[in-house]
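Peer 1: Encoded as structure tokens, here's the structure I'll be asking about.
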Amino acid sequence: MNLKNYTCRSCTNENCLIKKHIHTEAIQPYLKQKNTFPCNKKQQFILEGAPVSGLYFIYEGCVKVFKQTANKNSQIIRFSKNGEIVGHRGFGTNYVYDISASALTDSILCNFSTDVLIEMLHKTPPLMFDFMLFYADQLQKSEANAKRFAQMTVREKVINGLLFIMQKFGQTDSFINITLSRKDIADFAGTSTDQVIRVISALKKEGLLNAKGKRLGIPDVEKFEAQLKETQYFLEG
């Protein structure tokens with residue numbers, strides 16, 4: 001693998017905040033200071049409690065962001081894919097990461113150190129403005145999700161989680177384009193693996209969910225979404 005080929009200019013992730021500004025003259029010197037590296041499936045690249053080493057941008061692949069709960073269990077905060085940022089909650093405010101992150105698939109990650117990114121933001125006001133909007137959007141979604149999540153039943157939590165995963169990664173031939181373990185789904189839905197297995201089994205019997213091994217799919221998305229709409233919950237992506 002020639003990592004020199006994975007440049008910001010060759011990147012196709014138009015949603016990446018850095019990519020959106022690569023033609024800005026002020027940003028050019030900082031692009032050369034980016035660190036690009038491969039991350040194998042299941043490999044952890046951020047450790048909760050470790051010193052902050054900047055922000056990570058997903059050039060290619062899928063990752064999960066998680067943290068340890070008070071009872072030592074794992075809670076998946078979100079899934080991220082091409083062009084998205086990982087590690088932003090610790091950037092600029094903490095000396096250590098308050099989350100962990102690992103690859104769900106073989107991935108290529110880009111990293112800008114804290115010092116480089118701060119200087120780049122100072123020199124590139126449009127980039128700083130986009131980062132400000134990004135953080136505001138993340139905060140709004142986080143607060144909205146927290147309120148709804150606390151009121152959901154176990155079934156609703158699992159359905160909401162599966163809808164989010166489907167919305168994030170899409171699906172082909174009625175199967176979601178990523179295969180997750182039942183434990184990962186449980187850690188994301190905020191419930192136990194046994195409860196996820198029971199809910200999935202019930203959804204299959206009701207014809208609301210397809211299953212083939214670990215693969216899951218939603219044959220009728222509108223009908224599946226209606227399971228939440230009836231109780232006035234909806235998905236914040």
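To be explicit about the labels: the chains of the structure tokens are called A, B, and onward in the order shown, and within each one the residues are counted from 1, while ligands get numbers from 1 in the order they are shown.
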List the spatial neighbours of Ser181 in chain A as a PDB file with N, CA, C and O atoms, in the first residue's frame - criterion: any atom at most 10 Å away, only C-alpha atoms, same-chain residues fewer than 6 positions off excluded.
Peer 2:
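Result file follows (result37.pdb):
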ATOM      1  N   ASP A 187     -24.564  -2.569  22.214  1.00  0.00           N
ATOM      2  CA  ASP A 187     -23.783  -1.470  22.796  1.00  0.00           C
ATOM      3  C   ASP A 187     -24.223  -0.122  22.237  1.00  0.00           C
ATOM      4  O   ASP A 187     -24.147   0.903  22.918  1.00  0.00           O
ATOM      5  N   THR A 193     -27.057  -7.811  24.916  1.00  0.00           N
ATOM      6  CA  THR A 193     -27.019  -8.652  23.719  1.00  0.00           C
ATOM      7  C   THR A 193     -28.218  -9.588  23.673  1.00  0.00           C
ATOM      8  O   THR A 193     -28.827  -9.794  22.611  1.00  0.00           O
ATOM      9  N   LYS A 214     -25.097 -13.083  10.250  1.00  0.00           N
ATOM     10  CA  LYS A 214     -25.011 -11.829  11.007  1.00  0.00           C
ATOM     11  C   LYS A 214     -25.597 -10.657  10.237  1.00  0.00           C
ATOM     12  O   LYS A 214     -25.824  -9.579  10.801  1.00  0.00           O
ATOM     13  N   ARG A 215     -25.862 -10.859   8.959  1.00  0.00           N
ATOM     14  CA  ARG A 215     -26.372  -9.759   8.136  1.00  0.00           C
ATOM     15  C   ARG A 215     -27.837  -9.486   8.432  1.00  0.00           C
ATOM     16  O   ARG A 215     -28.640 -10.402   8.612  1.00  0.00           O
TER      17      ARG A 215
END
Peer 1: Where in range 28-139 of chain A does DSSP assign strand (DSSP E), given as an MDAnalysis selection string?
Peer 2: chainID A and resid 35:39 44:46 55:60 63:68 74:80 85:86 100:103 107:112
Peer 1: Please produce, as a tab-separated table, a per-residue contact table for range 72-180 of chain A versus range 19-35 of chain A (criterion: any atom at most 6 Å away, only C-alpha atoms considered), showing the nearest atom pair and its distance in Å to one decimal, sorted by chain then residue number.
Peer 2:
residue	atom	partner	partner_atom	distance
A:Cys110	CA	A:Asn35	CA	5.6
A:Asn111	CA	A:Asn35	CA	5.0
A:Phe112	CA	A:Lys34	CA	5.2
Peer 1: Could you write out the selected residues, including N, CA, C and O atoms, as a tab-separated table (two decimals), in the first residue's frame?
Peer 2:
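Saved to again37.tsv:
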chain	number	residue	atom	x	y	z
A	110	CYS	N	-6.73	9.64	8.32
A	110	CYS	CA	-5.86	10.83	8.25
A	110	CYS	C	-5.88	11.51	9.61
A	110	CYS	O	-6.94	11.59	10.24
A	111	ASN	N	-4.73	11.98	10.04
A	111	ASN	CA	-4.64	12.63	11.34
A	111	ASN	C	-3.89	13.96	11.22
A	111	ASN	O	-2.82	14.03	10.62
A	112	PHE	N	-4.48	15.00	11.80
A	112	PHE	CA	-3.80	16.28	11.95
A	112	PHE	C	-3.58	16.48	13.45
A	112	PHE	O	-4.51	16.36	14.24
Peer 1: Go through A:Gly217, A:Gly83, A:Gly170, A:Pro125 one by one, measure the shortest atom-to-atom distance of each to Cys11 in chain A using only C-alpha atoms, and give the residue with the smallest value.
Peer 2: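 Using only C-alpha atoms, the shortest distance to Cys11 in chain A belongs to A:Gly83.
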Peer 1: Taking the backbone alone, and naming residues the way the document does, which bits of range 32-229 of chain A are helix (DSSP H, G or I) by DSSP, as a PDB file with N, CA and C atoms, in the first residue's frame?
Peer 2:
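The file below, result09.pdb, is the result:
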ATOM      1  N   THR A 114      -2.988  18.309  17.049  1.00  0.00           N
ATOM      2  CA  THR A 114      -3.707  19.432  17.643  1.00  0.00           C
ATOM      3  C   THR A 114      -3.068  20.768  17.266  1.00  0.00           C
ATOM      4  N   ASP A 115      -1.740  20.849  17.386  1.00  0.00           N
ATOM      5  CA  ASP A 115      -1.043  22.108  17.078  1.00  0.00           C
ATOM      6  C   ASP A 115      -1.231  22.520  15.627  1.00  0.00           C
ATOM      7  N   VAL A 116      -1.092  21.553  14.729  1.00  0.00           N
ATOM      8  CA  VAL A 116      -1.241  21.846  13.297  1.00  0.00           C
ATOM      9  C   VAL A 116      -2.664  22.303  12.991  1.00  0.00           C
ATOM     10  N   LEU A 117      -3.641  21.602  13.559  1.00  0.00           N
ATOM     11  CA  LEU A 117      -5.034  21.933  13.261  1.00  0.00           C
ATOM     12  C   LEU A 117      -5.433  23.294  13.824  1.00  0.00           C
ATOM     13  N   ILE A 118      -4.989  23.602  15.028  1.00  0.00           N
ATOM     14  CA  ILE A 118      -5.306  24.905  15.612  1.00  0.00           C
ATOM     15  C   ILE A 118      -4.722  26.035  14.772  1.00  0.00           C
ATOM     16  N   GLU A 119      -3.485  25.875  14.342  1.00  0.00           N
ATOM     17  CA  GLU A 119      -2.855  26.894  13.503  1.00  0.00           C
ATOM     18  C   GLU A 119      -3.570  27.008  12.164  1.00  0.00           C
ATOM     19  N   MET A 120      -3.965  25.861  11.609  1.00  0.00           N
ATOM     20  CA  MET A 120      -4.664  25.846  10.331  1.00  0.00           C
ATOM     21  C   MET A 120      -6.017  26.553  10.451  1.00  0.00           C
ATOM     22  N   LEU A 121      -6.711  26.369  11.563  1.00  0.00           N
ATOM     23  CA  LEU A 121      -7.999  27.031  11.774  1.00  0.00           C
ATOM     24  C   LEU A 121      -7.821  28.543  11.899  1.00  0.00           C
ATOM     25  N   HIS A 122      -6.767  28.972  12.578  1.00  0.00           N
ATOM     26  CA  HIS A 122      -6.498  30.407  12.718  1.00  0.00           C
ATOM     27  C   HIS A 122      -6.193  31.048  11.365  1.00  0.00           C
ATOM     28  N   LYS A 123      -5.510  30.315  10.519  1.00  0.00           N
ATOM     29  CA  LYS A 123      -5.093  30.857   9.221  1.00  0.00           C
ATOM     30  C   LYS A 123      -6.192  30.748   8.168  1.00  0.00           C
ATOM     31  N   PRO A 125     -10.074  31.175   8.158  1.00  0.00           N
ATOM     32  CA  PRO A 125     -11.367  31.494   8.787  1.00  0.00           C
ATOM     33  C   PRO A 125     -12.566  30.718   8.218  1.00  0.00           C
ATOM     34  N   PRO A 126     -12.666  30.496   6.884  1.00  0.00           N
ATOM     35  CA  PRO A 126     -13.819  29.719   6.388  1.00  0.00           C
ATOM     36  C   PRO A 126     -13.843  28.297   6.951  1.00  0.00           C
ATOM     37  N   LEU A 127     -12.656  27.696   7.129  1.00  0.00           N
ATOM     38  CA  LEU A 127     -12.580  26.362   7.717  1.00  0.00           C
ATOM     39  C   LEU A 127     -13.023  26.406   9.173  1.00  0.00           C
ATOM     40  N   MET A 128     -12.579  27.438   9.899  1.00  0.00           N
ATOM     41  CA  MET A 128     -12.977  27.585  11.300  1.00  0.00           C
ATOM     42  C   MET A 128     -14.489  27.743  11.412  1.00  0.00           C
ATOM     43  N   PHE A 129     -15.092  28.488  10.491  1.00  0.00           N
ATOM     44  CA  PHE A 129     -16.539  28.685  10.501  1.00  0.00           C
ATOM     45  C   PHE A 129     -17.268  27.362  10.289  1.00  0.00           C
ATOM     46  N   ASP A 130     -16.778  26.549   9.349  1.00  0.00           N
ATOM     47  CA  ASP A 130     -17.397  25.243   9.098  1.00  0.00           C
ATOM     48  C   ASP A 130     -17.257  24.321  10.311  1.00  0.00           C
ATOM     49  N   PHE A 131     -16.128  24.406  10.994  1.00  0.00           N
ATOM     50  CA  PHE A 131     -15.950  23.611  12.212  1.00  0.00           C
ATOM     51  C   PHE A 131     -16.938  24.065  13.295  1.00  0.00           C
ATOM     52  N   MET A 132     -17.155  25.369  13.391  1.00  0.00           N
ATOM     53  CA  MET A 132     -18.099  25.896  14.370  1.00  0.00           C
ATOM     54  C   MET A 132     -19.505  25.360  14.101  1.00  0.00           C
ATOM     55  N   LEU A 133     -19.918  25.354  12.834  1.00  0.00           N
ATOM     56  CA  LEU A 133     -21.228  24.829  12.460  1.00  0.00           C
ATOM     57  C   LEU A 133     -21.313  23.336  12.737  1.00  0.00           C
ATOM     58  N   PHE A 134     -20.218  22.621  12.479  1.00  0.00           N
ATOM     59  CA  PHE A 134     -20.170  21.183  12.732  1.00  0.00           C
ATOM     60  C   PHE A 134     -20.387  20.895  14.213  1.00  0.00           C
ATOM     61  N   TYR A 135     -19.682  21.608  15.077  1.00  0.00           N
ATOM     62  CA  TYR A 135     -19.816  21.392  16.519  1.00  0.00           C
ATOM     63  C   TYR A 135     -21.221  21.756  17.006  1.00  0.00           C
ATOM     64  N   ALA A 136     -21.798  22.818  16.486  1.00  0.00           N
ATOM     65  CA  ALA A 136     -23.148  23.218  16.875  1.00  0.00           C
ATOM     66  C   ALA A 136     -24.158  22.141  16.481  1.00  0.00           C
ATOM     67  N   ASP A 137     -23.986  21.581  15.290  1.00  0.00           N
ATOM     68  CA  ASP A 137     -24.884  20.524  14.813  1.00  0.00           C
ATOM     69  C   ASP A 137     -24.743  19.271  15.669  1.00  0.00           C
ATOM     70  N   GLN A 138     -23.504  18.911  16.023  1.00  0.00           N
ATOM     71  CA  GLN A 138     -23.270  17.737  16.860  1.00  0.00           C
ATOM     72  C   GLN A 138     -23.900  17.904  18.241  1.00  0.00           C
ATOM     73  N   LEU A 139     -23.786  19.082  18.814  1.00  0.00           N
ATOM     74  CA  LEU A 139     -24.354  19.343  20.134  1.00  0.00           C
ATOM     75  C   LEU A 139     -25.873  19.252  20.101  1.00  0.00           C
ATOM     76  N   GLN A 140     -26.474  19.829  19.075  1.00  0.00           N
ATOM     77  CA  GLN A 140     -27.929  19.811  18.952  1.00  0.00           C
ATOM     78  C   GLN A 140     -28.450  18.382  18.828  1.00  0.00           C
ATOM     79  N   LYS A 141     -27.799  17.579  17.996  1.00  0.00           N
ATOM     80  CA  LYS A 141     -28.226  16.189  17.817  1.00  0.00           C
ATOM     81  C   LYS A 141     -28.041  15.381  19.101  1.00  0.00           C
ATOM     82  N   SER A 142     -26.928  15.623  19.787  1.00  0.00           N
ATOM     83  CA  SER A 142     -26.648  14.892  21.013  1.00  0.00           C
ATOM     84  C   SER A 142     -27.706  15.158  22.071  1.00  0.00           C
ATOM     85  N   GLU A 143     -28.090  16.416  22.230  1.00  0.00           N
ATOM     86  CA  GLU A 143     -29.085  16.773  23.232  1.00  0.00           C
ATOM     87  C   GLU A 143     -30.464  16.220  22.867  1.00  0.00           C
ATOM     88  N   ALA A 144     -30.814  16.287  21.584  1.00  0.00           N
ATOM     89  CA  ALA A 144     -32.122  15.789  21.146  1.00  0.00           C
ATOM     90  C   ALA A 144     -32.207  14.277  21.326  1.00  0.00           C
ATOM     91  N   ASN A 145     -31.138  13.579  20.963  1.00  0.00           N
ATOM     92  CA  ASN A 145     -31.136  12.123  21.084  1.00  0.00           C
ATOM     93  C   ASN A 145     -31.214  11.679  22.530  1.00  0.00           C
ATOM     94  N   ALA A 146     -30.514  12.387  23.418  1.00  0.00           N
ATOM     95  CA  ALA A 146     -30.504  12.012  24.833  1.00  0.00           C
ATOM     96  C   ALA A 146     -31.904  12.067  25.423  1.00  0.00           C
ATOM     97  N   LYS A 147     -32.677  13.083  25.059  1.00  0.00           N
ATOM     98  CA  LYS A 147     -34.032  13.231  25.592  1.00  0.00           C
ATOM     99  C   LYS A 147     -34.943  12.108  25.093  1.00  0.00           C
ATOM    100  N   ARG A 148     -34.866  11.800  23.810  1.00  0.00           N
ATOM    101  CA  ARG A 148     -35.733  10.760  23.250  1.00  0.00           C
ATOM    102  C   ARG A 148     -35.318   9.371  23.730  1.00  0.00           C
ATOM    103  N   PHE A 149     -34.016   9.156  23.791  1.00  0.00           N
ATOM    104  CA  PHE A 149     -33.486   7.846  24.137  1.00  0.00           C
ATOM    105  C   PHE A 149     -33.940   7.408  25.525  1.00  0.00           C
ATOM    106  N   VAL A 154     -37.062  -1.021  25.193  1.00  0.00           N
ATOM    107  CA  VAL A 154     -35.966  -1.795  24.618  1.00  0.00           C
ATOM    108  C   VAL A 154     -36.205  -2.022  23.126  1.00  0.00           C
ATOM    109  N   ARG A 155     -37.411  -2.387  22.762  1.00  0.00           N
ATOM    110  CA  ARG A 155     -37.738  -2.622  21.353  1.00  0.00           C
ATOM    111  C   ARG A 155     -37.488  -1.372  20.526  1.00  0.00           C
ATOM    112  N   GLU A 156     -37.929  -0.225  21.029  1.00  0.00           N
ATOM    113  CA  GLU A 156     -37.742   1.029  20.307  1.00  0.00           C
ATOM    114  C   GLU A 156     -36.267   1.392  20.187  1.00  0.00           C
ATOM    115  N   LYS A 157     -35.494   1.112  21.219  1.00  0.00           N
ATOM    116  CA  LYS A 157     -34.058   1.388  21.163  1.00  0.00           C
ATOM    117  C   LYS A 157     -33.379   0.560  20.073  1.00  0.00           C
ATOM    118  N   VAL A 158     -33.751  -0.706  19.969  1.00  0.00           N
ATOM    119  CA  VAL A 158     -33.155  -1.581  18.952  1.00  0.00           C
ATOM    120  C   VAL A 158     -33.583  -1.134  17.554  1.00  0.00           C
ATOM    121  N   ILE A 159     -34.860  -0.830  17.381  1.00  0.00           N
ATOM    122  CA  ILE A 159     -35.355  -0.363  16.085  1.00  0.00           C
ATOM    123  C   ILE A 159     -34.679   0.947  15.699  1.00  0.00           C
ATOM    124  N   ASN A 160     -34.587   1.868  16.640  1.00  0.00           N
ATOM    125  CA  ASN A 160     -33.927   3.147  16.376  1.00  0.00           C
ATOM    126  C   ASN A 160     -32.472   2.943  15.974  1.00  0.00           C
ATOM    127  N   GLY A 161     -31.789   2.021  16.700  1.00  0.00           N
ATOM    128  CA  GLY A 161     -30.392   1.737  16.387  1.00  0.00           C
ATOM    129  C   GLY A 161     -30.224   1.158  14.994  1.00  0.00           C
ATOM    130  N   LEU A 162     -31.085   0.222  14.629  1.00  0.00           N
ATOM    131  CA  LEU A 162     -31.001  -0.399  13.299  1.00  0.00           C
ATOM    132  C   LEU A 162     -31.312   0.616  12.199  1.00  0.00           C
ATOM    133  N   LEU A 163     -32.255   1.502  12.452  1.00  0.00           N
ATOM    134  CA  LEU A 163     -32.566   2.551  11.473  1.00  0.00           C
ATOM    135  C   LEU A 163     -31.381   3.484  11.272  1.00  0.00           C
ATOM    136  N   PHE A 164     -30.733   3.848  12.385  1.00  0.00           N
ATOM    137  CA  PHE A 164     -29.565   4.714  12.279  1.00  0.00           C
ATOM    138  C   PHE A 164     -28.468   4.040  11.465  1.00  0.00           C
ATOM    139  N   ILE A 165     -28.199   2.764  11.754  1.00  0.00           N
ATOM    140  CA  ILE A 165     -27.146   2.025  11.052  1.00  0.00           C
ATOM    141  C   ILE A 165     -27.469   1.917   9.562  1.00  0.00           C
ATOM    142  N   MET A 166     -28.741   1.631   9.257  1.00  0.00           N
ATOM    143  CA  MET A 166     -29.155   1.548   7.857  1.00  0.00           C
ATOM    144  C   MET A 166     -29.015   2.895   7.173  1.00  0.00           C
ATOM    145  N   GLN A 167     -29.430   3.955   7.875  1.00  0.00           N
ATOM    146  CA  GLN A 167     -29.342   5.308   7.309  1.00  0.00           C
ATOM    147  C   GLN A 167     -27.886   5.714   7.085  1.00  0.00           C
ATOM    148  N   LYS A 168     -27.025   5.324   8.004  1.00  0.00           N
ATOM    149  CA  LYS A 168     -25.608   5.691   7.920  1.00  0.00           C
ATOM    150  C   LYS A 168     -24.894   4.974   6.776  1.00  0.00           C
ATOM    151  N   PHE A 169     -25.122   3.662   6.648  1.00  0.00           N
ATOM    152  CA  PHE A 169     -24.350   2.864   5.697  1.00  0.00           C
ATOM    153  C   PHE A 169     -25.134   2.437   4.461  1.00  0.00           C
ATOM    154  N   ARG A 182     -24.083  -8.779  17.155  1.00  0.00           N
ATOM    155  CA  ARG A 182     -25.238  -8.455  18.000  1.00  0.00           C
ATOM    156  C   ARG A 182     -24.784  -7.626  19.203  1.00  0.00           C
ATOM    157  N   LYS A 183     -23.565  -7.861  19.667  1.00  0.00           N
ATOM    158  CA  LYS A 183     -23.047  -7.089  20.798  1.00  0.00           C
ATOM    159  C   LYS A 183     -22.853  -5.628  20.410  1.00  0.00           C
ATOM    160  N   ASP A 184     -22.317  -5.372  19.218  1.00  0.00           N
ATOM    161  CA  ASP A 184     -22.150  -3.992  18.765  1.00  0.00           C
ATOM    162  C   ASP A 184     -23.502  -3.288  18.673  1.00  0.00           C
ATOM    163  N   ILE A 185     -24.507  -4.005  18.167  1.00  0.00           N
ATOM    164  CA  ILE A 185     -25.846  -3.414  18.074  1.00  0.00           C
ATOM    165  C   ILE A 185     -26.373  -3.109  19.468  1.00  0.00           C
ATOM    166  N   ALA A 186     -26.143  -4.044  20.406  1.00  0.00           N
ATOM    167  CA  ALA A 186     -26.592  -3.842  21.792  1.00  0.00           C
ATOM    168  C   ALA A 186     -25.872  -2.668  22.440  1.00  0.00           C
ATOM    169  N   ASP A 187     -24.564  -2.569  22.214  1.00  0.00           N
ATOM    170  CA  ASP A 187     -23.783  -1.470  22.796  1.00  0.00           C
ATOM    171  C   ASP A 187     -24.223  -0.122  22.237  1.00  0.00           C
ATOM    172  N   PHE A 188     -24.683  -0.116  21.004  1.00  0.00           N
ATOM    173  CA  PHE A 188     -25.157   1.123  20.392  1.00  0.00           C
ATOM    174  C   PHE A 188     -26.581   1.456  20.855  1.00  0.00           C
ATOM    175  N   ALA A 189     -27.409   0.414  20.973  1.00  0.00           N
ATOM    176  CA  ALA A 189     -28.807   0.621  21.362  1.00  0.00           C
ATOM    177  C   ALA A 189     -28.961   0.866  22.859  1.00  0.00           C
ATOM    178  N   THR A 193     -27.057  -7.811  24.916  1.00  0.00           N
ATOM    179  CA  THR A 193     -27.019  -8.652  23.719  1.00  0.00           C
ATOM    180  C   THR A 193     -28.218  -9.588  23.673  1.00  0.00           C
ATOM    181  N   ASP A 194     -28.588 -10.161  24.813  1.00  0.00           N
ATOM    182  CA  ASP A 194     -29.743 -11.065  24.867  1.00  0.00           C
ATOM    183  C   ASP A 194     -31.025 -10.356  24.451  1.00  0.00           C
ATOM    184  N   GLN A 195     -31.185  -9.121  24.897  1.00  0.00           N
ATOM    185  CA  GLN A 195     -32.385  -8.369  24.527  1.00  0.00           C
ATOM    186  C   GLN A 195     -32.409  -8.051  23.042  1.00  0.00           C
ATOM    187  N   VAL A 196     -31.248  -7.737  22.473  1.00  0.00           N
ATOM    188  CA  VAL A 196     -31.163  -7.479  21.033  1.00  0.00           C
ATOM    189  C   VAL A 196     -31.537  -8.720  20.246  1.00  0.00           C
ATOM    190  N   ILE A 197     -31.038  -9.869  20.674  1.00  0.00           N
ATOM    191  CA  ILE A 197     -31.346 -11.123  19.996  1.00  0.00           C
ATOM    192  C   ILE A 197     -32.851 -11.392  20.028  1.00  0.00           C
ATOM    193  N   ARG A 198     -33.489 -11.143  21.176  1.00  0.00           N
ATOM    194  CA  ARG A 198     -34.933 -11.371  21.304  1.00  0.00           C
ATOM    195  C   ARG A 198     -35.729 -10.416  20.426  1.00  0.00           C
ATOM    196  N   VAL A 199     -35.328  -9.142  20.400  1.00  0.00           N
ATOM    197  CA  VAL A 199     -36.050  -8.163  19.585  1.00  0.00           C
ATOM    198  C   VAL A 199     -35.875  -8.481  18.101  1.00  0.00           C
ATOM    199  N   ILE A 200     -34.659  -8.816  17.691  1.00  0.00           N
ATOM    200  CA  ILE A 200     -34.411  -9.165  16.292  1.00  0.00           C
ATOM    201  C   ILE A 200     -35.241 -10.372  15.891  1.00  0.00           C
ATOM    202  N   SER A 201     -35.306 -11.358  16.766  1.00  0.00           N
ATOM    203  CA  SER A 201     -36.110 -12.550  16.493  1.00  0.00           C
ATOM    204  C   SER A 201     -37.577 -12.182  16.306  1.00  0.00           C
ATOM    205  N   ALA A 202     -38.100 -11.298  17.159  1.00  0.00           N
ATOM    206  CA  ALA A 202     -39.492 -10.871  17.050  1.00  0.00           C
ATOM    207  C   ALA A 202     -39.732 -10.092  15.756  1.00  0.00           C
ATOM    208  N   LEU A 203     -38.805  -9.207  15.403  1.00  0.00           N
ATOM    209  CA  LEU A 203     -38.945  -8.412  14.180  1.00  0.00           C
ATOM    210  C   LEU A 203     -38.906  -9.294  12.933  1.00  0.00           C
ATOM    211  N   LYS A 204     -38.108 -10.344  12.988  1.00  0.00           N
ATOM    212  CA  LYS A 204     -38.068 -11.305  11.866  1.00  0.00           C
ATOM    213  C   LYS A 204     -39.411 -11.997  11.715  1.00  0.00           C
ATOM    214  N   LYS A 205     -39.982 -12.444  12.833  1.00  0.00           N
ATOM    215  CA  LYS A 205     -41.262 -13.151  12.797  1.00  0.00           C
ATOM    216  C   LYS A 205     -42.377 -12.244  12.287  1.00  0.00           C
ATOM    217  N   VAL A 221     -38.670  -0.005   4.657  1.00  0.00           N
ATOM    218  CA  VAL A 221     -38.166   1.016   5.578  1.00  0.00           C
ATOM    219  C   VAL A 221     -39.297   1.844   6.179  1.00  0.00           C
ATOM    220  N   GLU A 222     -40.291   2.217   5.378  1.00  0.00           N
ATOM    221  CA  GLU A 222     -41.397   3.030   5.884  1.00  0.00           C
ATOM    222  C   GLU A 222     -42.169   2.292   6.967  1.00  0.00           C
ATOM    223  N   LYS A 223     -42.404   1.020   6.751  1.00  0.00           N
ATOM    224  CA  LYS A 223     -43.114   0.210   7.737  1.00  0.00           C
ATOM    225  C   LYS A 223     -42.285   0.070   9.014  1.00  0.00           C
ATOM    226  N   PHE A 224     -40.964  -0.035   8.834  1.00  0.00           N
ATOM    227  CA  PHE A 224     -40.064  -0.169   9.982  1.00  0.00           C
ATOM    228  C   PHE A 224     -40.019   1.150  10.763  1.00  0.00           C
ATOM    229  N   GLU A 225     -39.934   2.269  10.047  1.00  0.00           N
ATOM    230  CA  GLU A 225     -39.914   3.585  10.692  1.00  0.00           C
ATOM    231  C   GLU A 225     -41.208   3.851  11.452  1.00  0.00           C
ATOM    232  N   ALA A 226     -42.308   3.306  10.936  1.00  0.00           N
ATOM    233  CA  ALA A 226     -43.610   3.521  11.568  1.00  0.00           C
ATOM    234  C   ALA A 226     -43.657   2.961  12.981  1.00  0.00           C
ATOM    235  N   GLN A 227     -42.798   1.999  13.280  1.00  0.00           N
ATOM    236  CA  GLN A 227     -42.745   1.444  14.629  1.00  0.00           C
ATOM    237  C   GLN A 227     -42.339   2.506  15.645  1.00  0.00           C
ATOM    238  N   LEU A 228     -41.591   3.513  15.200  1.00  0.00           N
ATOM    239  CA  LEU A 228     -41.199   4.619  16.067  1.00  0.00           C
ATOM    240  C   LEU A 228     -42.156   5.790  15.947  1.00  0.00           C
ATOM    241  N   LYS A 229     -42.662   6.028  14.758  1.00  0.00           N
ATOM    242  CA  LYS A 229     -43.538   7.173  14.546  1.00  0.00           C
ATOM    243  C   LYS A 229     -44.816   7.066  15.369  1.00  0.00           C
TER     244      LYS A 229
END
Peer 1: Which residue, A:Phe66, A:Phe45, A:Phe57, A:Phe37, has the smallest gap to His88 in chain A when you use only C-alpha atoms?
Peer 2: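 Checking each candidate against His88 in chain A, we get A:Phe57 as the closest.
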